[in-house]
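Structure below is start.txt: compact mmCIF, C-alpha atoms and all ligand atoms.
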# COMPACT_ATOMS: atom_id res chain seq x y z
CA MET M 1 13.08 11.78 -24.96
CA LYS M 2 14.67 8.33 -25.00
CA ALA M 3 14.41 6.34 -21.81
CA ILE M 4 13.85 2.66 -21.12
CA TYR M 5 11.25 1.68 -18.59
CA TYR M 6 8.80 -1.12 -17.93
CA HIS M 7 5.07 -0.65 -17.90
CA ASN M 8 3.69 -3.38 -15.63
CA TYR M 9 0.07 -4.30 -15.30
CA VAL M 10 -2.09 -7.16 -14.09
CA ASP M 11 -4.90 -8.55 -16.22
CA PRO M 12 -7.72 -8.87 -13.66
CA SER M 13 -9.40 -11.78 -15.50
CA THR M 14 -6.31 -14.01 -15.31
CA GLY M 15 -4.41 -12.44 -12.44
CA ILE M 16 -1.31 -12.65 -14.64
CA ALA M 17 1.11 -9.69 -14.65
CA LYS M 18 2.61 -8.50 -17.92
CA ALA M 19 5.59 -6.21 -18.43
CA GLU M 20 5.86 -4.07 -21.54
CA LYS M 21 9.19 -2.44 -22.38
CA LYS M 22 8.83 1.20 -23.43
CA THR M 23 11.58 3.29 -24.95
CA SER M 24 10.50 6.91 -24.68
CA VAL M 25 8.95 9.31 -22.19
CA THR M 26 7.34 12.73 -22.57
CA VAL M 27 9.17 15.42 -20.59
CA LEU M 28 7.65 18.85 -19.98
CA LEU M 29 10.22 21.64 -19.62
CA PRO M 30 8.67 24.65 -17.86
CA LYS M 31 10.39 27.08 -20.23
CA ASP M 32 8.63 25.42 -23.18
CA CYS M 33 5.27 25.42 -21.38
CA PRO M 34 4.56 28.90 -20.00
CA GLY M 35 1.99 28.89 -17.23
CA VAL M 36 2.58 25.28 -16.21
CA ALA M 37 4.14 26.13 -12.82
CA TYR M 38 4.91 29.05 -10.46
CA TYR M 39 7.00 29.37 -7.34
CA LEU M 40 5.36 30.48 -4.09
CA PRO M 41 8.09 31.86 -1.79
CA THR M 42 7.78 30.37 1.70
CA PRO M 43 10.07 31.11 4.68
CA LYS M 44 12.08 29.13 5.89
CA SER M 45 12.92 25.59 4.72
CA PRO M 46 9.32 24.76 3.84
CA HIS M 47 8.36 21.18 4.66
CA GLY M 48 4.67 20.42 4.06
CA VAL M 49 2.20 22.22 1.86
CA ASP M 50 -1.51 21.74 2.36
CA VAL M 51 -4.60 23.27 0.80
CA SER M 52 -7.81 24.02 2.73
CA PRO M 53 -11.01 22.11 1.83
CA ASP M 54 -12.48 25.16 0.05
CA GLY M 55 -9.29 25.52 -2.01
CA GLU M 56 -8.58 29.08 -0.81
CA TYR M 57 -5.68 28.70 1.62
CA ILE M 58 -2.33 27.22 0.66
CA ILE M 59 -0.40 26.61 3.85
CA GLY M 60 3.35 26.25 3.79
CA GLY M 61 5.00 24.61 6.75
CA GLY M 62 8.09 26.78 7.10
CA LYS M 63 9.89 24.39 9.38
CA LEU M 64 12.44 26.92 10.70
CA SER M 65 9.99 29.77 11.00
CA VAL M 66 7.77 30.44 14.01
CA ASN M 67 5.34 32.31 11.76
CA GLN M 68 3.12 30.16 9.57
CA PRO M 69 2.63 31.69 6.11
CA ILE M 70 -0.82 31.25 4.61
CA HIS M 71 -1.06 31.90 0.89
CA SER M 72 -4.30 32.79 -0.82
CA PHE M 73 -5.34 30.91 -3.93
CA SER M 74 -7.45 33.77 -5.30
CA LYS M 75 -4.63 36.27 -4.66
CA MET M 76 -2.29 33.88 -6.46
CA ILE M 77 -4.54 33.79 -9.52
CA ASN M 78 -4.67 37.61 -9.53
CA ALA M 79 -0.90 37.85 -9.11
CA ILE M 80 -0.43 35.57 -12.12
CA LYS M 81 -2.88 37.66 -14.11
CA ASN M 82 -1.11 40.90 -13.14
CA LYS M 83 2.34 39.37 -13.56
CA GLN M 84 3.41 40.22 -10.00
CA PHE M 85 6.68 38.33 -10.18
CA ALA M 86 9.86 38.67 -8.16
CA GLY M 87 12.04 36.85 -10.68
CA GLU M 88 12.32 33.57 -12.53
CA ILE M 89 14.19 30.28 -12.16
CA GLU M 90 14.66 28.07 -15.24
CA GLY M 91 11.54 29.39 -16.89
CA ILE M 92 9.38 29.19 -13.73
CA PRO M 93 8.18 32.63 -12.54
CA ILE M 94 8.50 33.40 -8.81
CA LEU M 95 5.36 35.05 -7.46
CA LYS M 96 5.74 38.10 -5.20
CA TYR M 97 5.34 36.98 -1.57
CA GLU M 98 3.32 40.05 -0.57
CA ALA M 99 1.02 39.61 -3.56
CA VAL M 100 -0.02 36.06 -2.69
CA ASN M 101 0.21 36.02 1.11
CA HIS M 102 -3.09 36.03 3.03
CA CYS M 103 -1.37 36.38 6.41
CA GLU M 104 1.22 34.91 8.76
CA VAL M 105 0.07 33.21 11.94
CA LYS M 106 2.54 34.71 14.41
CA ASN M 107 4.37 32.52 16.95
CA ILE M 108 2.37 29.48 15.97
CA CYS M 109 4.90 26.96 17.33
CA LEU M 110 8.37 25.56 16.71
CA GLY M 111 8.84 23.46 13.58
CA PRO M 112 5.43 23.58 11.86
CA LEU M 113 5.39 20.74 9.32
CA HIS M 114 2.00 19.53 8.09
CA THR M 115 -1.53 20.89 8.25
CA GLU M 116 -4.88 19.08 8.23
CA PHE M 117 -8.36 20.56 8.21
CA ASP M 118 -11.68 19.82 9.92
CA ASP M 119 -15.21 20.46 8.64
CA LYS M 120 -15.59 23.77 10.54
CA GLY M 121 -12.91 25.79 8.78
CA TYR M 122 -10.16 25.15 11.32
CA ALA M 123 -6.64 23.99 10.61
CA TYR M 124 -4.37 21.75 12.74
CA VAL M 125 -0.64 21.89 12.35
CA SER M 126 1.95 19.39 13.56
CA CYS M 127 4.86 21.05 15.36
CA PHE M 128 7.93 18.88 15.21
CA ILE M 129 10.26 20.78 17.54
CA SER M 130 7.81 21.87 20.23
CA SER M 131 5.94 18.49 20.07
CA GLU M 132 2.40 19.76 19.89
CA VAL M 133 -0.63 20.09 17.66
CA VAL M 134 -1.89 23.63 17.23
CA LYS M 135 -5.46 24.44 16.20
CA TYR M 136 -5.98 27.75 14.45
CA SER M 137 -8.23 29.66 12.12
CA PRO M 138 -6.54 30.25 8.77
CA LYS M 139 -9.14 32.83 7.86
CA GLU M 140 -8.65 34.94 10.99
CA CYS M 141 -5.00 34.03 11.40
CA LYS M 142 -5.57 33.20 15.03
CA VAL M 143 -4.31 30.37 17.28
CA LEU M 144 -7.24 28.77 19.14
CA ASP M 145 -5.83 25.80 21.07
CA ARG M 146 -2.72 23.68 21.53
CA ILE M 147 -2.14 20.16 22.87
CA PRO M 148 1.20 18.49 23.67
CA VAL M 149 2.07 15.22 21.88
CA TYR M 150 4.75 12.68 22.84
CA TYR M 151 7.09 13.40 21.01
CA SER M 152 8.32 14.98 17.80
CA ILE M 153 5.22 14.71 15.69
CA GLY M 154 5.73 14.47 11.92
CA HIS M 155 2.47 13.90 10.14
CA LEU M 156 -1.07 14.05 11.41
CA VAL M 157 -4.34 12.92 9.91
CA ILE M 158 -8.03 13.85 10.10
CA PRO M 159 -10.53 11.65 8.19
CA GLY M 160 -10.95 13.41 4.83
CA GLY M 161 -8.62 16.15 6.09
CA ASP M 162 -6.84 16.42 2.74
CA SER M 163 -10.06 16.49 0.75
CA ALA M 164 -12.87 18.94 0.02
CA LYS M 165 -15.05 17.19 2.63
CA PRO M 166 -13.36 16.45 5.95
CA TRP M 167 -15.09 14.55 8.75
CA GLY M 168 -13.93 16.59 11.70
CA LYS M 169 -14.28 14.36 14.71
CA TYR M 170 -10.85 12.82 15.24
CA LEU M 171 -7.22 13.54 14.62
CA ILE M 172 -4.30 11.12 14.85
CA ALA M 173 -0.89 12.52 15.71
CA MET M 174 1.97 10.44 14.33
CA ASN M 175 5.01 10.82 16.52
CA LYS M 176 8.56 9.82 15.80
CA ILE M 177 10.02 9.49 19.31
CA THR M 178 8.58 7.75 22.40
CA LYS M 179 11.30 7.78 25.05
CA ASP M 180 9.69 7.08 28.47
CA ARG M 181 6.26 6.19 27.00
CA TYR M 182 6.50 2.38 26.67
CA LEU M 183 8.25 -0.63 28.20
CA PRO M 184 11.99 -0.41 27.51
CA THR M 185 12.17 -3.59 25.40
CA GLY M 186 15.43 -2.99 23.52
CA PRO M 187 17.73 -0.48 21.86
CA GLU M 188 14.90 0.79 19.70
CA LEU M 189 11.50 1.85 20.96
CA PRO M 190 8.26 1.85 19.00
CA HIS M 191 6.96 5.07 17.54
CA ALA M 192 3.63 6.39 18.73
CA ALA M 193 0.25 7.36 17.41
CA GLN M 194 -2.15 9.44 19.50
CA LEU M 195 -5.87 9.74 18.95
CA ILE M 196 -7.24 13.19 19.69
CA ASP M 197 -10.88 14.26 19.88
CA ILE M 198 -11.29 17.51 17.90
CA SER M 199 -15.09 17.74 18.01
CA GLY M 200 -15.13 20.35 20.80
CA LYS M 201 -13.55 23.73 21.33
CA LYS M 202 -10.56 22.18 23.10
CA MET M 203 -8.65 19.20 21.77
CA LYS M 204 -8.79 16.11 24.01
CA MET M 205 -6.30 13.21 24.10
CA LEU M 206 -8.20 9.90 23.92
CA LEU M 207 -5.63 7.19 23.32
CA ASP M 208 -1.90 6.68 23.04
CA PHE M 209 -0.68 3.56 21.23
CA PRO M 210 2.60 2.25 19.84
CA THR M 211 3.06 1.88 16.12
CA HIS M 212 6.01 0.95 13.96
CA GLY M 213 8.12 2.48 11.26
CA GLU M 214 8.15 6.22 11.07
CA PRO M 215 4.41 6.78 10.78
CA HIS M 216 3.98 8.97 7.72
CA TYR M 217 1.39 10.28 5.31
CA ALA M 218 -1.85 8.51 6.12
CA GLN M 219 -5.47 8.90 5.14
CA MET M 220 -8.59 7.93 7.05
CA ILE M 221 -12.12 7.61 5.76
CA PRO M 222 -15.33 6.30 7.34
CA ALA M 223 -15.58 2.51 7.05
CA ASP M 224 -18.92 2.60 5.20
CA LEU M 225 -17.17 4.18 2.19
CA VAL M 226 -14.98 1.10 1.93
CA VAL M 227 -17.51 -1.61 2.77
CA LYS M 228 -19.57 -1.19 -0.40
CA HIS M 229 -16.45 -1.59 -2.56
CA GLN M 230 -14.85 -4.42 -0.63
CA LYS M 231 -13.86 -7.61 -2.38
CA LYS M 232 -14.60 -10.74 -0.39
CA ILE M 233 -13.72 -13.34 -3.02
CA TYR M 234 -12.70 -13.59 -6.65
CA ASP M 235 -15.49 -15.18 -8.70
CA LEU M 236 -14.20 -18.62 -9.67
CA GLY M 237 -16.56 -18.62 -12.68
CA LYS M 238 -14.78 -15.55 -14.07
CA ASN M 239 -11.25 -16.85 -13.54
CA LYS M 240 -9.64 -16.86 -17.03
CA HIS M 241 -6.18 -17.99 -15.94
CA PRO M 242 -5.03 -20.47 -18.62
CA TYR M 243 -4.23 -23.07 -15.95
CA ALA M 244 -7.25 -22.52 -13.70
CA VAL M 245 -9.33 -25.55 -12.72
CA LYS M 246 -12.79 -25.12 -11.27
CA SER M 247 -13.19 -28.45 -9.43
CA GLU M 248 -11.19 -31.34 -8.01
CA ASP M 249 -12.47 -33.65 -10.76
CA GLU M 250 -11.14 -31.21 -13.35
CA ALA M 251 -7.80 -31.06 -11.53
CA ILE M 252 -7.53 -34.86 -11.64
CA LYS M 253 -8.65 -34.95 -15.27
CA LYS M 254 -6.20 -32.29 -16.49
CA GLY M 255 -3.66 -33.44 -13.94
CA VAL M 256 0.04 -33.30 -14.64
CA VAL M 257 1.22 -32.52 -18.14
CA ARG M 258 4.74 -33.02 -19.39
CA LYS M 259 6.12 -30.91 -22.27
CA GLY M 260 9.74 -32.04 -22.58
CA ASN M 261 11.47 -30.93 -19.39
CA GLU M 262 8.58 -28.70 -18.41
CA VAL M 263 5.88 -30.13 -16.17
CA HIS M 264 2.62 -28.29 -15.52
CA ILE M 265 0.48 -29.31 -12.58
CA TYR M 266 -3.19 -28.33 -12.39
CA MET M 267 -4.02 -28.20 -8.70
CA THR M 268 -6.87 -27.13 -6.44
CA ALA M 269 -6.81 -26.03 -2.82
CA ILE M 270 -9.85 -26.25 -0.56
CA ARG M 271 -10.21 -26.93 3.19
CA SER M 272 -8.17 -28.97 3.99
CA HIS M 273 -6.35 -30.64 1.11
CA PHE M 274 -4.76 -30.15 -2.26
CA THR M 275 -5.80 -32.09 -5.36
CA PRO M 276 -3.58 -33.75 -6.40
CA ASP M 277 -1.58 -34.12 -3.18
CA ASN M 278 0.47 -37.09 -4.27
CA ILE M 279 2.51 -36.82 -7.45
CA GLU M 280 5.15 -39.06 -8.97
CA GLY M 281 7.08 -39.20 -12.21
CA ILE M 282 8.86 -35.84 -11.81
CA LYS M 283 12.54 -36.12 -12.73
CA VAL M 284 15.73 -34.27 -11.83
CA GLY M 285 16.20 -31.67 -14.59
CA ASP M 286 12.50 -30.89 -14.84
CA THR M 287 11.10 -27.42 -14.34
CA VAL M 288 7.83 -27.87 -12.51
CA TYR M 289 5.01 -25.31 -12.51
CA PHE M 290 2.38 -25.70 -9.81
CA HIS M 291 -0.73 -23.85 -10.97
CA VAL M 292 -2.81 -23.76 -7.81
CA THR M 293 -6.43 -22.60 -7.87
CA ASN M 294 -8.04 -21.81 -4.55
CA ILE M 295 -11.58 -23.09 -5.28
CA GLU M 296 -13.03 -21.70 -2.05
CA GLN M 297 -15.83 -19.16 -2.53
CA ASP M 298 -15.95 -18.02 1.05
CA TRP M 299 -14.65 -14.86 2.69
CA ASP M 300 -11.27 -14.90 4.42
CA ILE M 301 -10.23 -18.37 3.28
CA PRO M 302 -6.93 -17.87 1.48
CA HIS M 303 -4.65 -20.87 1.12
CA GLY M 304 -0.91 -20.77 0.93
CA PHE M 305 1.27 -23.04 -1.15
CA ALA M 306 4.89 -23.70 -0.31
CA MET M 307 7.16 -26.15 -2.10
CA PHE M 308 10.27 -27.39 -0.34
CA GLY M 309 13.34 -25.93 -2.06
CA ALA M 310 11.57 -23.56 -4.48
CA ASP M 311 13.29 -20.21 -5.16
CA VAL M 312 10.10 -18.35 -4.33
CA PRO M 313 9.19 -20.43 -1.30
CA ASN M 314 5.56 -19.53 -0.92
CA VAL M 315 2.49 -18.04 -2.62
CA LEU M 316 -0.74 -16.88 -0.99
CA ILE M 317 -3.84 -17.61 -3.06
CA MET M 318 -7.13 -15.80 -2.47
CA PRO M 319 -10.50 -17.59 -2.94
CA GLY M 320 -11.17 -18.00 -6.68
CA GLU M 321 -7.63 -17.05 -7.71
CA THR M 322 -4.94 -19.09 -9.51
CA LEU M 323 -1.24 -18.57 -8.81
CA THR M 324 1.80 -20.35 -10.19
CA LEU M 325 4.89 -21.46 -8.32
CA LYS M 326 8.00 -22.64 -10.19
CA TRP M 327 10.25 -25.35 -8.80
CA LYS M 328 13.40 -27.08 -10.04
CA PRO M 329 14.13 -30.20 -8.00
CA GLU M 330 17.88 -30.83 -7.78
CA LYS M 331 18.08 -34.42 -6.53
CA PRO M 332 15.89 -37.51 -6.26
CA GLY M 333 13.70 -37.82 -3.19
CA VAL M 334 10.27 -37.23 -1.77
CA TYR M 335 9.50 -33.53 -1.31
CA PRO M 336 6.72 -32.06 0.79
CA PHE M 337 4.48 -29.15 -0.09
CA TYR M 338 1.99 -27.57 2.28
CA CYS M 339 -0.50 -24.81 2.92
CA THR M 340 1.13 -21.83 4.62
CA ASP M 341 -1.96 -19.90 5.65
CA PHE M 342 -3.98 -20.98 8.66
CA CYS M 343 -7.24 -22.01 6.97
CA SER M 344 -9.04 -24.47 9.26
CA ALA M 345 -8.65 -26.87 12.17
CA LEU M 346 -6.98 -29.31 9.74
CA HIS M 347 -4.65 -26.67 8.30
CA GLN M 348 -1.59 -28.47 9.62
CA GLU M 349 -2.65 -31.57 7.64
CA MET M 350 -3.07 -29.64 4.39
CA GLN M 351 0.02 -30.98 2.68
CA GLY M 352 1.20 -33.35 -0.03
CA TYR M 353 4.25 -34.97 -1.58
CA VAL M 354 6.11 -35.06 -4.88
CA ARG M 355 8.38 -37.96 -5.66
CA VAL M 356 11.39 -36.93 -7.73
CA SER M 357 13.15 -39.70 -9.67
CA PRO M 358 16.63 -39.69 -11.21
CA ARG M 359 17.10 -37.89 -14.51
CA ASN M 360 16.88 -40.97 -16.74
CA SER M 361 14.27 -42.97 -14.87
CA ASN M 362 11.06 -44.09 -16.54
CA VAL M 363 8.72 -43.62 -13.58
CA LYS M 364 5.32 -42.82 -15.02
CA LEU M 365 3.58 -39.52 -14.24
CA CYS M 366 0.78 -40.32 -11.77
CA TRP M 367 -1.22 -38.04 -9.52
CA GLY M 368 -4.18 -38.04 -7.19
CA THR M 369 -5.69 -37.41 -3.79
CA GLY M 370 -7.08 -40.36 -1.81
CA ASN M 371 -8.88 -42.77 -4.16
CA LYS M 372 -9.04 -40.30 -7.03
CA ARG M 373 -5.95 -41.16 -9.03
CA LYS M 374 -4.82 -40.99 -12.62
CA CYS M 375 -1.66 -41.66 -14.63
CA ALA M 376 -0.43 -40.20 -17.91
CA ASP M 377 -1.07 -42.37 -20.98
CU CU W 1 -5.10 -24.15 3.63
Encoded form using structure tokens:
Amino acid sequence: MKAIYYHNYVDPSTGIAKAEKKTSVTVLLPKDCPGVAYYLPTPKSPHGVDVSPDGEYIIGGGKLSVNQPIHSFSKMINAIKNKQFAGEIEGIPILKYEAVNHCEVKNICLGPLHTEFDDKGYAYVSCFISSEVVKYSPKECKVLDRIPVYYSIGHLVIPGGDSAKPWGKYLIAMNKITKDRYLPTGPELPHAAQLIDISGKKMKMLLDFPTHGEPHYAQMIPADLVVKHQKKIYDLGKNKHPYAVKSEDEAIKKGVVRKGNEVHIYMTAIRSHFTPDNIEGIKVGDTVYFHVTNIEQDWDIPHGFAMFGADVPNVLIMPGETLTLKWKPEKPGVYPFYCTDFCSALHQEMQGYVRVSPRNSNVKLCWGTGNKRKCAD
């Protein structure tokens, strides 16, 4: 059907984002696609739905029910095969509750919301109203342990707990209310996260710490899964940004280029200066583009670039990356720019100046840093 939307993507070789306007979208209507979806009835006001690592148990958090319904995936497939339906809504068949239900965990808690799983076949549900985490066996439909949390837990997370391979050592409870837990610093208090050891038979509270926002869906994985994919720098040699410069000499050589009222500045940033850091010949009425390449090839050395009076006041440039900041000076004067990310002991000195002349002046474009200077022909 007709719909206008923008498909945005970043070309990794240039770092430049492009937006493509599209005019149609594909819409699937269930009544035209039999078998695409089925309803699983879940009492009452279901909130979360989570599937066990082996794919067999589909657990609905019936928030206003004290009995936790556990649906069976294999029973569901059979029910679909045998057409055990209780009705239909807009072309989507409703499966018969009794045909798909594995069991109900009776009196599990008040307000069960979300369920996570460990690597031993146990499930852990967050209980919003009774403020607790309850450990149970979905297979045997049996509650095994419960631990109070402070207070009103929403989500919870176990490393890999939403995947086919959980690491079952820790659980973090994400709580929405912390009255009486922390220093009363103002009208709003922080929310809380609580780290719980789930490696033993009984759950054990290890740590209670403030967090912000309403802590929500989160995932945890062991750090060594991330380390081998981590990006420390962008390779300067592979930077294909049309205004990238790879050295200070190149920045001086390419320098500042005027195209009518448009001025493009090739600039480098490295501890602890910009090249060029002294520019004149810009005029009121010009649109100035600072194309700043961070030529560092070292981990954790981003540089910032802020231009006094620019609409977007600041960009943060990672090592090897080029970013552009647009600026339209409105009156003559000398304007400072500076690095906005603490990069070294001389970070505070990492700054420069642009001299802006009146609209009709004939001040020549000149640029440089220290003794390296150049002027336009
Ligand atoms: Cu810096």
Would you pick out the contacts of Asn101 (chain M) at 12 Å or less, using only C-alpha atoms, so that residues sharing its chain but fewer than 5 positions from it are not included, and give the list as a list of chain:residue names?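 Within the cut-off, the hits are M:Leu40, M:Pro41, M:Thr42, M:Pro43, M:Glu56, M:Tyr57, M:Ile58, M:Ile59, M:Gly60, M:Gln68, M:Pro69, M:Ile70, M:His71, M:Ser72, M:Phe73, M:Ser74, M:Lys75, M:Met76, M:Ile77, M:Asn78, M:Ala79, M:Leu95, M:Lys96, M:Pro138, M:Lys139, M:Cys141.
The smallest atom-to-atom distance between ligand CU 1 (chain W) and any of M:Gln219, M:Gln351, M:Thr211, M:Thr293, using all atoms listed in the file, is found for M:Gln351.
One finds CA of Leu323 (chain M) at 20.6 Å from CA of Asn261 (chain M).
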Around ligand CU 1 (chain W), out to 6 Å and counting all atoms listed in the file, which residues are there? I want them as an MDAnalysis selection string. chainID M and resid 271:272 303 339 341 343 347 350
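Shortest atom-to-atom contact with Pro34 (chain M) among M:Asp224, M:Glu248, M:Asp311, M:Glu90: M:Glu90, counting all atoms listed in the file.
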With a distance cut-off of 10 Å and only C-alpha atoms, select the neighbouring residues of Val312 (chain M), excluding the residue or stretch itself and same-chain residues fewer than 3 positions from it, and output the selection as a PyMOL selection string. chain M and resi 306-309+315+325-327
Near-region 165-182 of chain M list (6 Å; all atoms listed in the file; drop same-chain fewer than 5 positions) as a VMD selection string: chain M and resid 118 to 119 151 to 160 191 to 199 214 to 215
Pick from M:Arg355, M:Lys106, M:His291, M:Lys374: nearest to His241 (chain M), with only C-alpha atoms counted? M:His291
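Straight-line separation from CA of Asn314 (chain M) to CA of Pro336 (chain M): 12.7 Å.
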For the atom pair CA of Val143 (chain M) and CA of Met220 (chain M), what is the interatomic distance in Å to one decimal place? 25.0 Å
Dump as an mmCIF file with C-alpha atoms, in the frame of the given file all residues having an atom at most 6 Å from (13.5, 27.9, 15.4), computed in the file's coordinates with only C-alpha atoms.
data_model
loop_
_atom_site.group_PDB
_atom_site.id
_atom_site.type_symbol
_atom_site.label_atom_id
_atom_site.label_comp_id
_atom_site.auth_asym_id
_atom_site.auth_seq_id
_atom_site.Cartn_x
_atom_site.Cartn_y
_atom_site.Cartn_z
ATOM 1 C CA LEU M 64 12.440 26.920 10.700
ATOM 2 C CA SER M 65 9.990 29.770 11.000
ATOM 3 C CA LEU M 110 8.370 25.560 16.710
#
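Each of M:Gln230, M:Ser344, M:Thr26, M:Asn294 was checked against Gly320 (chain M) using only C-alpha atoms; the smallest atom-to-atom distance is that of M:Asn294.
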Let me make sure I understand: among M:Ala3, M:Ile92, M:Ile80, M:Arg373, which one has the smallest atom-to-atom distance to Lys31 (chain M) if we use all atoms listed in the file? M:Ile92
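With distances taken over all atoms listed in the file, M:Lys202 is the one residue among M:Tyr150, M:Lys202, M:Ile94, M:Lys328 lying closest to Tyr136 (chain M).
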